[in-house]
Amino acid sequence: KVERLSARVQSRPTIISDGDGEGGSAAGGGSPAQVDRALLRQKAVLIPAGVDRKQVLCAVLSASAEGHAGADSPAGGGGEPCLAVVFCETKQQCREVSSHLQARGAAALALHGDLDQKDRDKVLVRFRNGSCRILVATNVAARGLDVAGITLVVCYELSGGAGGAEAYTHRVGRTARAESVGDAISLVVLGDGRSKGDGRSKGDGRSKGDGRSK
């Protein structure tokens with residue numbers, strides 16, 4: 001179902017293996033993401049054009065936090081959020097989403113290509129030790145990120161173009177690992193594909209200089 005929905009925003013999508021040994025590879029030419037399909041629950045949230053995507057994201061994160069102890073959800077709920085990764089398409093979008101979550105009281109940090117290696121390492125240390133519960137990242141973190149306890153991956157926006165399917169595969173491969181159930185939720189905007197809070201300004205589209213991290 002998610003593959004059919006993602007095809008709406010991709011050009012000539014292809015299916016890439018998600019770790020069952022039939023294709024795809026991690027950064028550095030390693031083995032594919034070891035995601036267990038039986039434990040990976042993929043869903044899509046359909047957003048009408050004009051609806052604020054950030055508000056939908058907060059609702060998704062809060063719903064995921066239900067059943068946990070604590071009080072650190074971005075919507076002020078009563079559940080401590082699991083470790084979650086929110087994938088964005090641009091560095092600007094990544095910064096805006098992480099700032100929005102922080103303003104709502106969430107323990108969220110951004111990881112993108114404008115950070116030097118020292119700062120990236122600091123972010124990942126905090127994510128691993130649990131002081132940061134929500135990692136908002138561009139595709140720079142899609143491959144090679146191996147952190148125990150990630151139970152939720154949110155695709156804030158699906159990647160388009162020829163590499164969209166591969167990007168999705170490696171994003172969702174961050175969860176449903178080590179025999180643990182994981183959720184992968186894609187936010188899909190209906191209509192013209194744009195929504196409020198999409199984190200883009202003029203000139204921040206899908207052309208040269210779009211601010212993406214490689």
# chains A, B, ... in the order shown; residues from 1 in each chain; ligands from 1
call {"tool": "residues_around", "arguments": {"residues": "stretch 127-129 of chain A", "least_positions_apart": "3", "cutoff": "8 Å", "atoms": "only C-alpha atoms", "output": "PyMOL selection string"}}
result
chain A and resi 83+123-124+132-135+147-148
call {"tool": "select_by_dssp", "arguments": {"residues": "stretch 71-149 of chain A", "states": "alpha helix (DSSP H)", "output": "list in words"}}
result
Lys91, Gln92, Gln93, Cys94, Arg95, Glu96, Val97, Ser98, Ser99, His100, Leu101, Gln102, Ala103, Gln117, Lys118, Asp119, Arg120, Asp121, Lys122, Val123, Leu124, Val125, Arg126, Phe127, Arg128 and Asn129 of chain A
call {"tool": "residues_around", "arguments": {"residues": "stretch 174-182 of chain A", "least_positions_apart": "4", "cutoff": "7 Å", "atoms": "only C-alpha atoms", "output": "tab-separated table (two decimals) with C-alpha atoms, in the first residue's frame"}}
result
chain	number	residue	atom	x	y	z
A	34	GLN	CA	18.58	-5.91	8.41
A	35	VAL	CA	14.90	-5.14	8.80
A	36	ASP	CA	12.50	-7.96	9.56
A	39	LEU	CA	7.97	-7.02	12.35
A	40	LEU	CA	7.84	-3.88	10.19
A	41	ARG	CA	4.44	-2.20	10.18
A	145	LEU	CA	22.55	4.50	11.44
A	146	ASP	CA	22.37	1.59	13.86
A	150	ILE	CA	14.25	2.85	17.33
A	151	THR	CA	10.61	1.84	17.16
A	152	LEU	CA	9.30	4.57	14.86
A	153	VAL	CA	10.43	6.01	11.52
call {"tool": "atom_distance", "arguments": {"atom1": "atom CA of A:Leu115", "atom2": "atom CA of A:Val154"}}
result
21.4 Å
call {"tool": "residues_around", "arguments": {"residues": "A:Ser159", "least_positions_apart": "5", "cutoff": "7 Å", "atoms": "only C-alpha atoms", "output": "ChimeraX atom specification"}}
result
/A:89,164,167
call {"tool": "write_last_selection", "arguments": {"atoms": "all heavy atoms", "output": "mmCIF file, in the first residue's frame"}}
result
data_model
loop_
_atom_site.group_PDB
_atom_site.id
_atom_site.type_symbol
_atom_site.label_atom_id
_atom_site.label_comp_id
_atom_site.auth_asym_id
_atom_site.auth_seq_id
_atom_site.Cartn_x
_atom_site.Cartn_y
_atom_site.Cartn_z
ATOM 1 N N GLU A 89 13.310 16.052 3.643
ATOM 2 C CA GLU A 89 13.924 16.098 2.316
ATOM 3 C C GLU A 89 15.022 17.142 2.178
ATOM 4 O O GLU A 89 15.918 16.988 1.370
ATOM 5 C CB GLU A 89 12.847 16.355 1.248
ATOM 6 C CG GLU A 89 12.068 15.122 0.861
ATOM 7 C CD GLU A 89 12.942 14.091 0.176
ATOM 8 O OE1 GLU A 89 13.184 14.222 -1.039
ATOM 9 O OE2 GLU A 89 13.406 13.169 0.858
ATOM 10 N N GLY A 164 14.091 7.448 -5.165
ATOM 11 C CA GLY A 164 13.106 7.538 -4.103
ATOM 12 C C GLY A 164 12.838 6.224 -3.394
ATOM 13 O O GLY A 164 12.743 6.182 -2.163
ATOM 14 N N ALA A 167 15.798 5.288 -1.197
ATOM 15 C CA ALA A 167 15.845 6.137 -0.004
ATOM 16 C C ALA A 167 14.822 5.667 1.017
ATOM 17 O O ALA A 167 15.108 5.586 2.223
ATOM 18 C CB ALA A 167 15.586 7.593 -0.387
#
call {"tool": "atom_distance", "arguments": {"atom1": "atom CA of A:Ala44", "atom2": "atom CA of A:Ser62"}}
result
16.0 Å
call {"tool": "closest_residue", "arguments": {"among": "A:Val60, A:Val45, A:Ile185, A:Ala137", "to": "A:Cys155", "atoms": "only C-alpha atoms"}}
result
A:Ile185
call {"tool": "closest_residue", "arguments": {"among": "A:Cys94, A:Gln55, A:Glu157, A:Ala107", "to": "A:Ser131", "atoms": "only C-alpha atoms"}}
result
A:Ala107
call {"tool": "closest_residue", "arguments": {"among": "A:Cys88, A:Gly50, A:Ala110, A:Val189", "to": "A:Arg126", "atoms": "only C-alpha atoms"}}
result
A:Ala110
